[in-house]
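The structure file my_file-v6.txt is reproduced below (compact mmCIF, C-alpha atoms and all ligand atoms).
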```txt
# COMPACT_ATOMS: atom_id res chain seq x y z
CA MET A 1 -9.30 16.75 3.18
CA LYS A 2 -6.61 17.93 5.53
CA MET A 3 -3.07 17.15 6.64
CA ASN A 4 -2.25 13.82 8.18
CA ASP A 5 -2.44 13.07 11.86
CA ARG A 6 0.46 10.68 12.15
CA VAL A 7 1.48 12.30 15.41
CA GLY A 8 -1.82 11.15 16.86
CA ARG A 9 -1.22 7.73 15.42
CA SER A 10 2.14 7.41 17.11
CA ARG A 11 0.72 8.64 20.36
CA ALA A 12 -1.92 5.96 20.16
CA LEU A 13 0.81 3.36 20.28
CA LEU A 14 2.50 5.05 23.14
CA GLY A 15 -0.67 5.16 25.21
CA ALA A 16 -1.98 8.65 24.42
CA ASP A 17 -5.04 9.34 22.34
CA PRO A 18 -4.76 11.53 19.23
CA ARG A 19 -5.77 14.58 21.24
CA GLY A 20 -2.78 14.08 23.49
CA ARG A 21 -4.48 12.66 26.58
CA VAL A 22 -2.71 9.72 28.14
CA ARG A 23 -4.87 6.61 27.99
CA GLU A 24 -4.97 3.95 30.62
CA PRO A 25 -3.43 0.76 29.25
CA SER A 26 -6.24 -1.44 28.00
CA GLN A 27 -6.65 -4.97 29.28
CA GLY A 28 -6.54 -8.17 27.29
CA SER A 29 -4.74 -8.61 24.04
CA ARG A 30 -3.24 -5.15 23.93
CA ASP A 31 -1.53 -5.94 27.21
CA ASN A 32 -0.28 -9.19 25.79
CA ILE A 33 1.58 -7.29 23.13
CA SER A 34 2.79 -4.53 25.34
CA ARG A 35 5.16 -2.00 23.92
CA ARG A 36 7.93 -3.40 26.07
CA LYS A 37 7.53 -6.81 24.48
CA VAL A 38 7.10 -5.46 20.99
CA LEU A 39 10.16 -3.33 21.34
CA GLY A 40 12.24 -6.14 22.79
CA GLY A 41 15.51 -7.01 21.15
CA GLY A 42 18.21 -4.74 19.81
CA LEU A 43 17.79 -2.85 16.59
CA VAL A 44 21.30 -3.17 15.39
CA ALA A 45 24.03 -5.16 17.03
CA ALA A 46 26.85 -3.19 15.52
CA SER A 47 28.60 -0.08 16.66
CA SER A 48 27.21 2.52 14.29
CA LEU A 49 25.15 3.13 11.20
CA GLY A 50 28.05 4.94 9.58
CA VAL A 51 30.52 2.30 8.48
CA GLY A 52 31.14 -1.41 8.31
CA PRO A 53 28.80 -4.37 8.16
CA LEU A 54 25.76 -4.51 10.40
CA ARG A 55 24.12 -7.42 12.12
CA LEU A 56 20.39 -7.24 12.83
CA GLU A 57 18.87 -9.11 15.74
CA ALA A 58 15.39 -10.56 15.52
CA ALA A 59 12.82 -9.43 18.08
CA PRO A 60 11.30 -12.20 20.25
CA LEU A 61 7.93 -11.77 18.55
CA GLN A 62 7.68 -12.03 14.78
CA VAL A 63 4.81 -10.93 12.55
CA PRO A 64 2.76 -13.98 11.41
CA GLN A 65 3.09 -15.28 7.87
CA ARG A 66 0.71 -16.61 5.24
CA VAL A 67 1.30 -18.47 2.00
CA LEU A 68 1.26 -16.08 -0.95
CA GLY A 69 -0.94 -17.99 -3.37
CA LYS A 70 0.65 -20.11 -6.06
CA THR A 71 4.15 -18.84 -5.22
CA GLY A 72 3.92 -21.42 -2.43
CA GLU A 73 6.15 -19.18 -0.35
CA LYS A 74 5.34 -17.67 3.00
CA ALA A 75 5.31 -13.91 3.42
CA PRO A 76 4.59 -11.77 6.48
CA ILE A 77 1.03 -10.44 6.67
CA LEU A 78 2.46 -6.93 7.06
CA LEU A 79 4.71 -5.65 4.27
CA GLN A 80 6.97 -2.61 4.30
CA GLY A 81 5.88 -0.16 1.61
CA GLY A 82 8.48 1.72 -0.41
CA SER A 83 6.74 4.84 -1.63
CA MET A 84 8.54 7.29 0.62
CA PRO A 85 11.99 8.76 1.22
CA PHE A 86 14.73 6.47 2.57
CA ASP A 87 18.25 6.96 3.84
CA LEU A 88 20.38 5.81 0.93
CA ARG A 89 23.24 4.72 3.19
CA PHE A 90 21.24 2.46 5.50
CA ASP A 91 17.65 3.09 6.41
CA PRO A 92 16.69 2.41 10.05
CA LYS A 93 13.02 1.94 9.14
CA LEU A 94 13.87 -1.04 6.97
CA ALA A 95 16.00 -2.46 9.79
CA GLU A 96 13.26 -1.95 12.36
CA SER A 97 10.60 -3.61 10.18
CA PHE A 98 12.92 -6.50 9.44
CA LYS A 99 13.55 -7.02 13.13
CA TYR A 100 9.87 -7.88 13.69
CA GLY A 101 9.66 -10.25 10.75
CA VAL A 102 8.50 -7.71 8.16
CA THR A 103 10.97 -9.23 5.76
CA TYR A 104 9.19 -8.14 2.58
CA ILE A 105 9.91 -4.77 0.95
CA ASP A 106 7.62 -3.43 -1.73
CA ALA A 107 9.66 -1.26 -4.09
CA ALA A 108 9.10 0.14 -7.59
CA ASP A 109 11.32 1.72 -10.20
CA CYS A 110 9.64 5.09 -9.58
CA TYR A 111 9.23 5.09 -5.79
CA GLY A 112 11.13 7.71 -3.86
CA GLY A 113 11.93 9.50 -7.11
CA GLY A 114 13.84 6.38 -8.17
CA ASN A 115 15.77 6.15 -4.90
CA THR A 116 13.83 3.40 -3.14
CA GLU A 117 15.54 0.64 -5.10
CA LEU A 118 18.94 2.15 -4.25
CA ALA A 119 17.97 2.18 -0.55
CA VAL A 120 16.89 -1.47 -0.73
CA GLY A 121 20.24 -2.38 -2.28
CA ALA A 122 22.16 -0.47 0.40
CA PHE A 123 20.10 -2.07 3.16
CA HIS A 124 20.53 -5.72 2.26
CA THR A 125 24.19 -5.45 1.28
CA ARG A 126 25.11 -3.55 4.43
CA ALA A 127 23.33 -6.03 6.67
CA ASN A 128 24.24 -9.01 4.51
CA LEU A 129 20.73 -10.45 4.51
CA ARG A 130 19.69 -10.76 0.89
CA SER A 131 18.69 -14.40 1.28
CA LYS A 132 16.39 -13.52 4.19
CA LEU A 133 14.68 -10.63 2.44
CA TRP A 134 11.78 -10.74 -0.01
CA ILE A 135 12.17 -7.94 -2.55
CA THR A 136 9.34 -6.97 -4.84
CA SER A 137 9.77 -4.22 -7.40
CA LYS A 138 7.80 -2.96 -10.37
CA SER A 139 8.12 -1.58 -13.85
CA ASP A 140 6.14 1.42 -15.00
CA ASP A 141 6.94 0.39 -18.54
CA HIS A 142 4.44 -2.27 -19.62
CA ASP A 143 5.83 -2.87 -23.07
CA PRO A 144 7.79 -6.18 -22.98
CA LYS A 145 11.04 -4.59 -24.16
CA GLY A 146 10.75 -1.65 -21.75
CA PHE A 147 9.69 -4.03 -18.96
CA GLU A 148 12.84 -6.09 -19.39
CA GLU A 149 15.09 -3.04 -19.56
CA THR A 150 13.51 -1.65 -16.40
CA PHE A 151 13.88 -5.03 -14.72
CA HIS A 152 17.62 -5.12 -15.41
CA ARG A 153 17.99 -1.56 -14.11
CA SER A 154 16.18 -2.69 -10.93
CA LEU A 155 18.62 -5.60 -10.51
CA GLU A 156 21.51 -3.22 -10.80
CA LYS A 157 20.11 -0.55 -8.48
CA MET A 158 19.15 -3.10 -5.82
CA LYS A 159 22.54 -4.83 -6.05
CA THR A 160 21.02 -8.26 -6.43
CA SER A 161 21.21 -11.12 -8.92
CA TYR A 162 17.50 -11.93 -8.55
CA ILE A 163 14.23 -10.31 -7.55
CA ASP A 164 11.65 -12.30 -5.62
CA MET A 165 8.70 -10.76 -7.41
CA TYR A 166 8.41 -8.29 -10.25
CA TYR A 167 5.19 -6.48 -11.08
CA LEU A 168 3.77 -4.46 -13.88
CA HIS A 169 3.11 -1.29 -11.94
CA MET A 170 -0.39 0.21 -11.92
CA LEU A 171 -1.69 -1.97 -14.73
CA LYS A 172 -4.64 -0.32 -16.44
CA ASP A 173 -5.22 -2.62 -19.38
CA ALA A 174 -5.10 -6.43 -19.59
CA LYS A 175 -3.75 -6.16 -23.15
CA TYR A 176 -0.24 -5.92 -21.64
CA LEU A 177 -0.54 -9.46 -20.29
CA ASN A 178 0.30 -10.76 -23.74
CA ASP A 179 2.33 -13.66 -25.14
CA GLU A 180 5.36 -11.47 -25.74
CA LEU A 181 5.51 -10.45 -22.08
CA LYS A 182 4.78 -14.03 -21.04
CA ALA A 183 7.88 -15.15 -22.97
CA VAL A 184 10.04 -12.48 -21.33
CA VAL A 185 8.83 -13.48 -17.86
CA ALA A 186 9.40 -17.18 -18.60
CA ARG A 187 12.94 -16.48 -19.78
CA LEU A 188 13.77 -14.32 -16.73
CA LYS A 189 12.44 -17.09 -14.49
CA LYS A 190 14.50 -19.69 -16.33
CA GLU A 191 17.60 -17.55 -15.91
CA LYS A 192 16.73 -17.41 -12.18
CA LYS A 193 16.61 -13.62 -12.28
CA VAL A 194 13.03 -13.43 -11.08
CA LYS A 195 11.05 -15.88 -9.00
CA HIS A 196 7.49 -14.64 -9.39
CA PHE A 197 5.51 -12.26 -11.58
CA GLY A 198 2.35 -10.24 -11.18
CA PHE A 199 0.89 -6.75 -11.34
CA SER A 200 -0.45 -3.98 -9.17
CA CYS A 201 -3.65 -2.09 -9.91
CA HIS A 202 -5.80 0.53 -8.24
CA HIS A 203 -7.80 2.19 -10.94
CA GLY A 204 -11.45 1.58 -11.69
CA ASN A 205 -10.71 -1.73 -13.40
CA VAL A 206 -9.53 -3.71 -10.38
CA VAL A 207 -12.46 -6.13 -10.73
CA ALA A 208 -11.76 -6.88 -14.41
CA LEU A 209 -8.03 -7.28 -13.77
CA LEU A 210 -8.54 -9.69 -10.87
CA HIS A 211 -10.69 -11.85 -13.15
CA GLU A 212 -7.96 -11.63 -15.79
CA ALA A 213 -5.36 -12.73 -13.25
CA ALA A 214 -7.57 -15.67 -12.29
CA LYS A 215 -7.41 -17.01 -15.84
CA THR A 216 -3.75 -16.19 -16.51
CA PRO A 217 -1.63 -19.01 -15.06
CA TRP A 218 1.63 -17.05 -15.29
CA VAL A 219 0.31 -14.28 -13.02
CA ASP A 220 1.45 -15.36 -9.57
CA SER A 221 0.26 -12.40 -7.54
CA VAL A 222 -1.75 -9.19 -7.66
CA MET A 223 -1.48 -6.20 -5.39
CA PHE A 224 -4.69 -4.19 -5.47
CA ARG A 225 -6.59 -1.41 -3.76
CA TYR A 226 -8.63 -2.97 -1.00
CA ASN A 227 -9.99 -1.32 2.09
CA PHE A 228 -12.91 -1.13 4.46
CA ARG A 229 -14.92 1.06 2.09
CA GLN A 230 -15.24 -1.87 -0.32
CA TYR A 231 -16.18 -4.78 1.92
CA GLY A 232 -19.77 -4.82 0.73
CA ASN A 233 -18.88 -4.55 -2.97
CA VAL A 234 -20.34 -7.73 -4.49
CA GLU A 235 -18.51 -7.51 -7.83
CA LEU A 236 -15.17 -6.96 -6.15
CA ASN A 237 -15.78 -9.85 -3.77
CA GLN A 238 -16.60 -12.15 -6.67
CA ALA A 239 -13.39 -11.09 -8.41
CA ILE A 240 -11.36 -11.69 -5.23
CA ASP A 241 -13.02 -15.11 -4.92
CA ALA A 242 -12.06 -15.99 -8.49
CA ALA A 243 -8.45 -14.88 -8.06
CA HIS A 244 -8.15 -16.63 -4.70
CA LYS A 245 -9.59 -19.85 -6.15
CA ALA A 246 -6.98 -19.67 -8.93
CA LYS A 247 -4.34 -19.34 -6.19
CA VAL A 248 -3.29 -15.83 -7.19
CA GLY A 249 -1.39 -14.41 -4.21
CA LEU A 250 -3.41 -11.39 -3.11
CA ILE A 251 -1.88 -8.36 -1.45
CA ALA A 252 -3.97 -5.42 -0.25
CA MET A 253 -2.78 -1.85 -0.63
CA LYS A 254 -4.32 1.52 0.18
CA THR A 255 -5.91 -0.21 3.17
CA GLN A 256 -6.45 3.09 4.98
CA GLY A 257 -8.85 4.33 2.29
CA SER A 258 -7.94 7.99 2.86
CA ALA A 259 -9.09 7.50 6.42
CA VAL A 260 -6.48 9.78 7.89
CA SER A 261 -8.50 12.79 6.87
CA PHE A 262 -11.42 12.01 9.13
CA GLU A 263 -10.04 11.78 12.61
CA ASP A 264 -12.91 13.64 14.24
CA LYS A 265 -15.51 11.38 12.70
CA TRP A 266 -13.58 8.28 13.71
CA GLN A 267 -13.48 9.50 17.31
CA LYS A 268 -17.26 9.67 17.19
CA PHE A 269 -17.54 6.02 16.11
CA GLN A 270 -14.73 4.45 18.06
CA SER A 271 -16.13 3.04 21.28
CA THR A 272 -13.71 0.43 22.55
CA GLY A 273 -10.49 2.40 22.28
CA LYS A 274 -8.64 -0.89 21.90
CA TRP A 275 -7.38 -0.21 18.40
CA ASN A 276 -6.97 3.08 16.64
CA LYS A 277 -8.46 3.44 13.17
CA TYR A 278 -5.20 2.58 11.36
CA GLN A 279 -4.83 -0.65 13.26
CA SER A 280 -8.53 -1.44 12.96
CA VAL A 281 -8.63 -1.28 9.18
CA LEU A 282 -5.47 -3.35 8.91
CA LYS A 283 -6.93 -5.98 11.19
CA ALA A 284 -10.12 -5.96 9.15
CA VAL A 285 -8.10 -6.75 6.01
CA TRP A 286 -6.21 -9.55 7.77
CA GLN A 287 -9.51 -11.03 8.87
CA ASP A 288 -10.14 -11.79 5.19
CA GLU A 289 -8.35 -15.12 4.72
CA ARG A 290 -8.27 -14.62 0.95
CA ILE A 291 -5.78 -11.81 1.41
CA SER A 292 -2.22 -12.92 2.13
CA ALA A 293 -0.81 -9.59 3.23
CA ALA A 294 -1.28 -5.84 3.49
CA VAL A 295 1.36 -3.35 2.44
CA SER A 296 1.86 -0.19 4.47
CA ASP A 297 4.18 2.76 3.89
CA MET A 298 5.54 2.76 7.41
CA GLU A 299 7.31 6.08 7.50
CA SER A 300 8.39 6.13 11.12
CA LEU A 301 9.45 3.72 13.82
CA GLU A 302 6.23 4.59 15.70
CA ILE A 303 4.07 3.53 12.78
CA ILE A 304 6.07 0.32 12.42
CA HIS A 305 5.56 -0.50 16.11
CA GLU A 306 1.88 0.30 15.93
CA ASN A 307 1.26 -1.86 12.85
CA VAL A 308 3.42 -4.68 14.19
CA ALA A 309 1.41 -4.64 17.43
CA ALA A 310 -1.81 -5.02 15.43
CA ALA A 311 -0.31 -7.86 13.38
CA LEU A 312 0.97 -9.74 16.42
CA ASP A 313 -2.38 -9.70 18.17
CA LYS A 314 -4.28 -12.84 17.21
CA THR A 315 -7.74 -11.73 18.33
CA LYS A 316 -10.22 -10.82 15.65
CA LEU A 317 -12.15 -7.59 15.58
CA THR A 318 -15.47 -8.01 17.31
CA GLN A 319 -18.73 -7.62 15.48
CA ALA A 320 -19.21 -4.27 17.23
CA GLU A 321 -15.77 -3.11 16.06
CA MET A 322 -16.57 -4.16 12.48
CA GLN A 323 -19.85 -2.27 12.72
CA GLU A 324 -17.92 0.83 13.73
CA ILE A 325 -15.78 0.49 10.64
CA TYR A 326 -18.84 0.12 8.40
CA ARG A 327 -20.52 3.15 9.95
CA TYR A 328 -17.31 5.14 9.71
CA ALA A 329 -16.98 4.18 6.03
CA GLU A 330 -20.52 5.30 5.37
CA ALA A 331 -20.12 8.60 7.16
CA THR A 332 -16.96 9.47 5.27
CA ARG A 333 -17.87 8.00 1.89
CA ALA A 334 -18.19 11.31 0.08
CA GLY A 335 -14.60 12.18 0.93
CA ALA A 336 -12.89 9.13 -0.58
CA CYS A 337 -12.32 8.46 -4.27
CA ASP A 338 -12.06 4.89 -5.60
CA GLY A 339 -10.52 5.87 -8.93
CA CYS A 340 -13.45 4.65 -11.03
CA ASP A 341 -13.19 7.42 -13.63
CA HIS A 342 -15.46 5.65 -16.05
CA LEU A 343 -18.38 6.54 -13.78
CA CYS A 344 -17.92 10.28 -13.23
CA GLY A 345 -15.79 10.92 -16.32
CA ALA A 346 -18.74 10.13 -18.58
CA ALA A 347 -20.45 13.33 -17.39
CA VAL A 348 -17.98 15.59 -19.18
CA ASP A 349 -16.82 15.62 -22.76
CA ALA A 350 -13.11 15.82 -21.89
CA PRO A 351 -10.31 13.29 -21.20
CA LEU A 352 -9.91 14.38 -17.56
CA GLN A 353 -8.18 11.80 -15.35
CA ILE A 354 -10.33 12.38 -12.31
CA GLY A 355 -9.32 9.30 -10.30
CA SER A 356 -5.59 10.00 -10.68
CA THR A 357 -6.03 13.70 -9.93
CA LEU A 358 -7.98 13.00 -6.75
CA ARG A 359 -5.42 10.39 -5.71
CA TYR A 360 -2.58 12.87 -6.10
CA LEU A 361 -4.61 15.40 -4.15
CA MET A 362 -4.95 12.78 -1.42
CA TYR A 363 -1.16 12.31 -1.38
CA HIS A 364 -0.87 16.08 -0.94
CA ASP A 365 -3.66 16.80 1.50
CA VAL A 366 -3.84 13.62 3.52
CA TYR A 367 -0.37 12.12 3.53
CA GLY A 368 1.58 15.37 3.18
CA LYS A 369 3.53 13.99 0.21
CA THR A 370 3.68 17.36 -1.51
CA ALA A 371 6.63 16.76 -3.84
CA LEU A 372 5.37 13.36 -4.98
CA ALA A 373 1.86 14.70 -5.55
CA LYS A 374 3.07 17.65 -7.59
CA ASP A 375 5.43 15.51 -9.60
CA LEU A 376 2.74 12.96 -10.49
CA TYR A 377 0.23 15.69 -11.30
CA ALA A 378 2.73 17.40 -13.61
CA LYS A 379 3.27 14.11 -15.43
CA LEU A 380 -0.38 13.80 -16.37
CA PRO A 381 -1.01 14.80 -19.98
CA ARG A 382 -2.15 18.43 -20.11
CA GLU A 383 -5.61 17.49 -21.37
CA ALA A 384 -6.01 15.06 -18.45
CA ARG A 385 -5.72 17.81 -15.83
CA SER A 386 -6.76 21.01 -17.60
CA TYR A 387 -10.46 21.71 -17.40
CA GLU A 388 -10.29 24.92 -19.43
CA GLY A 389 -13.46 25.14 -21.49
CA VAL A 390 -14.98 22.16 -19.64
CA ASP A 391 -18.29 22.71 -17.89
CA LEU A 392 -17.45 21.21 -14.50
CA ARG A 393 -20.99 21.82 -13.27
CA LYS A 394 -21.95 18.71 -15.23
CA LEU A 395 -19.99 16.69 -12.66
CA ALA A 396 -22.50 17.53 -9.95
CA GLY A 397 -24.02 14.24 -8.85
CA ALA A 398 -21.82 12.26 -11.28
CA CYS A 399 -20.08 10.33 -8.52
CA PRO A 400 -22.30 7.60 -7.07
CA HIS A 401 -20.48 7.99 -3.77
CA GLY A 402 -21.25 11.70 -3.54
CA VAL A 403 -17.69 12.97 -4.03
CA ASP A 404 -17.75 16.68 -4.91
CA VAL A 405 -15.60 16.21 -8.01
CA GLU A 406 -15.63 19.83 -9.14
CA LYS A 407 -14.43 21.07 -5.76
CA TYR A 408 -11.53 18.62 -5.66
CA LEU A 409 -10.48 19.19 -9.29
CA ARG A 410 -10.34 22.92 -8.63
CA ARG A 411 -8.36 22.36 -5.44
CA ALA A 412 -5.90 20.07 -7.28
CA ALA A 413 -5.31 22.75 -9.92
CA GLU A 414 -4.67 25.21 -7.14
CA VAL A 415 -2.30 23.28 -4.86
CA LEU A 416 -0.57 20.79 -7.18
CA VAL A 417 1.03 23.28 -9.58
S1 LIG A 501 -15.08 10.78 -8.00
FE1 LIG A 501 -16.44 9.04 -7.61
S2 LIG A 501 -16.93 8.17 -9.61
FE2 LIG A 501 -15.21 9.55 -9.87
S3 LIG A 501 -13.42 8.26 -9.74
FE3 LIG A 501 -13.80 9.02 -7.67
S4 LIG A 501 -15.13 7.54 -6.67
FE4 LIG A 501 -15.17 7.09 -8.88
```
Will you turn the file into structure tokens for me?
Amino acid sequence: MKMNDRVGRSRALLGADPRGRVREPSQGSRDNISRRKVLGGGLVAASSLGVGPLRLEAAPLQVPQRVLGKTGEKAPILLQGGSMPFDLRFDPKLAESFKYGVTYIDAADCYGGGNTELAVGAFHTRANLRSKLWITSKSDDHDPKGFEETFHRSLEKMKTSYIDMYYLHMLKDAKYLNDELKAVVARLKKEKKVKHFGFSCHHGNVVALLHEAAKTPWVDSVMFRYNFRQYGNVELNQAIDAAHKAKVGLIAMKTQGSAVSFEDKWQKFQSTGKWNKYQSVLKAVWQDERISAAVSDMESLEIIHENVAAALDKTKLTQAEMQEIYRYAEATRAGACDGCDHLCGAAVDAPLQIGSTLRYLMYHDVYGKTALAKDLYAKLPREARSYEGVDLRKLAGACPHGVDVEKYLRRAAEVLV
């Protein structure tokens, strides 16, 4: 794994390939959503970002929307992720996303070291657009009492009287979807403090949790790990089918599947040059009608423009482009971890949290989120990250996808402390 190549990604939008060569503008749909058109409209129709109220102007083209399952409400197919630093006075990234119809922000009590919710509050109050913004946030505390306390802290931090959707964050065990929590959710809904409820999940139990959501009427939505590496996964597809049939609003996250670490390989597979790999995998997710939206941590205006351009284009990926994605997934499979600890963890007699460790390593190596990665790694129980006295050689061949677990655990212990 290596550092991200976001510069290349931005250049792709601007007409240069990731190696810096200027590309000829492609014909067809990409022309139809030219940068000029995408960037049309003013960002902020007020004098400065420093003081006073702001008025945001909508761009002429708005990201399409889909109904988010049983919520019955429409949401943009592209959602602004919140796991990154924001300007706590007024964040221009949120304004830029909003301008193109990305009116949904995905926050959590822990994102941005606890600051994301504050940034969301500052953004909507400053621009006076609470009623036009969909805010989702999440509680890391899954105990009903702790969940409710966290929820009220979120209300306060985001300066709002209601939250559109509130999730249990990173749910690992369906036992938390119990009657006590159900009663808390029902009361908060009755008090009009929350509109919808659900959970996020990206550990090895995504399949089981999607089935659980399908038979739990008070779960309105699930946000789950879903990317091009999993399209052929029969069990996952059956679980998605079940949740979709039960009208659970499905949101995909981690759509890039660690892909940023494999630029060279992608170059080998990419033949059309129409979409870069980031746009391609997003478009592949949107091609799945069961999925209402994909969340993306859009950390720069360039990334926002690039993702918006992909969302605005109504053409589907061709069969050849999908084939490229499948071949790319196959060629890079041994470098991406799905978080299914129960598979490789069984090889060692120790409570190592392999999936989490490799995910934090990905944050560090791939996305360059050093502080976040170190912080999360430090929060793991000591026995979950220390392999002292553990024979790591037993992990050889333990991952069905060929991930070299020992190598990555050793690297995590080296760079995340
Ligand atoms: S290393 Fe392999 S088996 Fe272990 S969690 Fe990752 S993908 Fe699953």
> Given the choices A:Cys344, A:Ala208, A:Ala294, A:Leu395, which gets closest to ligand LIG 501 (chain A) if the distance is worked out from all atoms listed in the file?
Replying inline: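 Counting all atoms listed in the file, the residue closest to ligand LIG 501 (chain A) is A:Cys344.
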Once you count all atoms listed in the file, which residues end up within 8 Å of ligand LIG 501 (chain A), and could you hand them over as a PDB file with C-alpha atoms, in the frame of the given file?
```
ATOM      1  CA  GLY A 204     -11.450   1.580 -11.690  1.00  0.00           C
ATOM      2  CA  ALA A 336     -12.890   9.130  -0.580  1.00  0.00           C
ATOM      3  CA  CYS A 337     -12.320   8.460  -4.270  1.00  0.00           C
ATOM      4  CA  ASP A 338     -12.060   4.890  -5.600  1.00  0.00           C
ATOM      5  CA  GLY A 339     -10.520   5.870  -8.930  1.00  0.00           C
ATOM      6  CA  CYS A 340     -13.450   4.650 -11.030  1.00  0.00           C
ATOM      7  CA  ASP A 341     -13.190   7.420 -13.630  1.00  0.00           C
ATOM      8  CA  HIS A 342     -15.460   5.650 -16.050  1.00  0.00           C
ATOM      9  CA  LEU A 343     -18.380   6.540 -13.780  1.00  0.00           C
ATOM     10  CA  CYS A 344     -17.920  10.280 -13.230  1.00  0.00           C
ATOM     11  CA  GLY A 345     -15.790  10.920 -16.320  1.00  0.00           C
ATOM     12  CA  ILE A 354     -10.330  12.380 -12.310  1.00  0.00           C
ATOM     13  CA  GLY A 355      -9.320   9.300 -10.300  1.00  0.00           C
ATOM     14  CA  LEU A 358      -7.980  13.000  -6.750  1.00  0.00           C
ATOM     15  CA  ALA A 398     -21.820  12.260 -11.280  1.00  0.00           C
ATOM     16  CA  CYS A 399     -20.080  10.330  -8.520  1.00  0.00           C
ATOM     17  CA  PRO A 400     -22.300   7.600  -7.070  1.00  0.00           C
ATOM     18  CA  HIS A 401     -20.480   7.990  -3.770  1.00  0.00           C
ATOM     19  CA  GLY A 402     -21.250  11.700  -3.540  1.00  0.00           C
ATOM     20  CA  VAL A 403     -17.690  12.970  -4.030  1.00  0.00           C
ATOM     21  CA  ASP A 404     -17.750  16.680  -4.910  1.00  0.00           C
ATOM     22  CA  VAL A 405     -15.600  16.210  -8.010  1.00  0.00           C
TER      23      VAL A 405
END
```
>> Counting all atoms listed in the file, which residues have an atom no more than 10 Å from (-4.5, 20.6, -7.3) in the file's coordinates? Please list them as an MDAnalysis selection string.
In response: chainID A and resid 357:358 360:362 364:365 373:374 377 385 408:417
For stretch 196-265 of chain A against stretch 284-287 of chain A, with a cut-off of 10 Å and counting all atoms listed in the file, what is the closest atom pair and its distance in Å to one decimal for every residue that makes the cut, ordered by chain and number, as a Markdown table?
```
| residue | atom | partner | partner_atom | distance |
| --- | --- | --- | --- | --- |
| A:Tyr226 | CA | A:Val285 | CA | 8.0 |
| A:Asn227 | CA | A:Val285 | CA | 7.0 |
| A:Phe228 | CA | A:Ala284 | CA | 7.3 |
| A:Tyr231 | CA | A:Val285 | CA | 9.3 |
| A:Ile251 | CA | A:Val285 | CA | 9.8 |
| A:Ala252 | CA | A:Val285 | CA | 7.6 |
| A:Met253 | CA | A:Val285 | CA | 9.8 |
| A:Thr255 | CA | A:Val285 | CA | 7.5 |
```
C-alpha atoms of the current selection, written as a tab-separated table (two decimals), in the frame of the given file:
```
chain	number	residue	atom	x	y	z
A	226	TYR	CA	-8.63	-2.97	-1.00
A	227	ASN	CA	-9.99	-1.32	2.09
A	228	PHE	CA	-12.91	-1.13	4.46
A	231	TYR	CA	-16.18	-4.78	1.92
A	251	ILE	CA	-1.88	-8.36	-1.45
A	252	ALA	CA	-3.97	-5.42	-0.25
A	253	MET	CA	-2.78	-1.85	-0.63
A	255	THR	CA	-5.91	-0.21	3.17
```
> Can you list, as a ChimeraX atom specification, every protein, DNA or RNA residue that comes within 9 Å of stretch 175-189 of chain A when you count only C-alpha atoms, leaving out same-chain residues fewer than 2 positions away?
Replying inline: /A:142-145,147-148,168,171-173,191-197,212,216,218-219
Requested write-out: C-alpha atoms of the selected residues, as a CSV table (one decimal), in the coordinates of the input:
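What follows is the written file result-v9.csv:
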```csv
chain,number,residue,atom,x,y,z
A,142,HIS,CA,4.4,-2.3,-19.6
A,143,ASP,CA,5.8,-2.9,-23.1
A,144,PRO,CA,7.8,-6.2,-23.0
A,145,LYS,CA,11.0,-4.6,-24.2
A,147,PHE,CA,9.7,-4.0,-19.0
A,148,GLU,CA,12.8,-6.1,-19.4
A,168,LEU,CA,3.8,-4.5,-13.9
A,171,LEU,CA,-1.7,-2.0,-14.7
A,172,LYS,CA,-4.6,-0.3,-16.4
A,173,ASP,CA,-5.2,-2.6,-19.4
A,191,GLU,CA,17.6,-17.6,-15.9
A,192,LYS,CA,16.7,-17.4,-12.2
A,193,LYS,CA,16.6,-13.6,-12.3
A,194,VAL,CA,13.0,-13.4,-11.1
A,195,LYS,CA,11.0,-15.9,-9.0
A,196,HIS,CA,7.5,-14.6,-9.4
A,197,PHE,CA,5.5,-12.3,-11.6
A,212,GLU,CA,-8.0,-11.6,-15.8
A,216,THR,CA,-3.8,-16.2,-16.5
A,218,TRP,CA,1.6,-17.0,-15.3
A,219,VAL,CA,0.3,-14.3,-13.0
```
>> I'd like the interatomic distance between atom CA of A:Leu94 and atom CA of A:Arg359, to a tenth of an Å.
In response: 25.8 Å
> Which of these residues is nearest to A:Glu299, using all atoms listed in the file: A:Gln62, A:Ser83, A:Ser356, A:Gln279?
Replying inline: A:Ser83
> In Å, how far is it from atom CA of A:Ala213 to atom CA of A:Gln256?
Replying inline: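 So the two atoms, atom CA of A:Ala213 and atom CA of A:Gln256, lie 24.2 Å apart.
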> Expressed in Å to a single decimal, how great is the separation between atom CA of A:Ser292 and atom CA of A:Gln323?
Replying inline: 23.2 Å
Restricted to C-alpha atoms, what does stretch 248-259 of chain A look like when written out as a PDB file, in the first residue's frame?
```pdb
ATOM      1  CA  VAL A 248     -34.496  -0.762   3.795  1.00  0.00           C
ATOM      2  CA  GLY A 249     -32.817   2.334   2.349  1.00  0.00           C
ATOM      3  CA  LEU A 250     -29.372   1.159   1.254  1.00  0.00           C
ATOM      4  CA  ILE A 251     -26.336   3.408   1.185  1.00  0.00           C
ATOM      5  CA  ALA A 252     -22.953   2.216  -0.045  1.00  0.00           C
ATOM      6  CA  MET A 253     -19.733   3.272   1.647  1.00  0.00           C
ATOM      7  CA  LYS A 254     -16.079   2.415   1.089  1.00  0.00           C
ATOM      8  CA  THR A 255     -16.941   2.258  -2.606  1.00  0.00           C
ATOM      9  CA  GLN A 256     -13.308   2.733  -3.628  1.00  0.00           C
ATOM     10  CA  GLY A 257     -12.282  -0.554  -2.006  1.00  0.00           C
ATOM     11  CA  SER A 258      -8.755   0.675  -1.239  1.00  0.00           C
ATOM     12  CA  ALA A 259      -8.367   1.226  -4.948  1.00  0.00           C
TER      13      ALA A 259
END
```
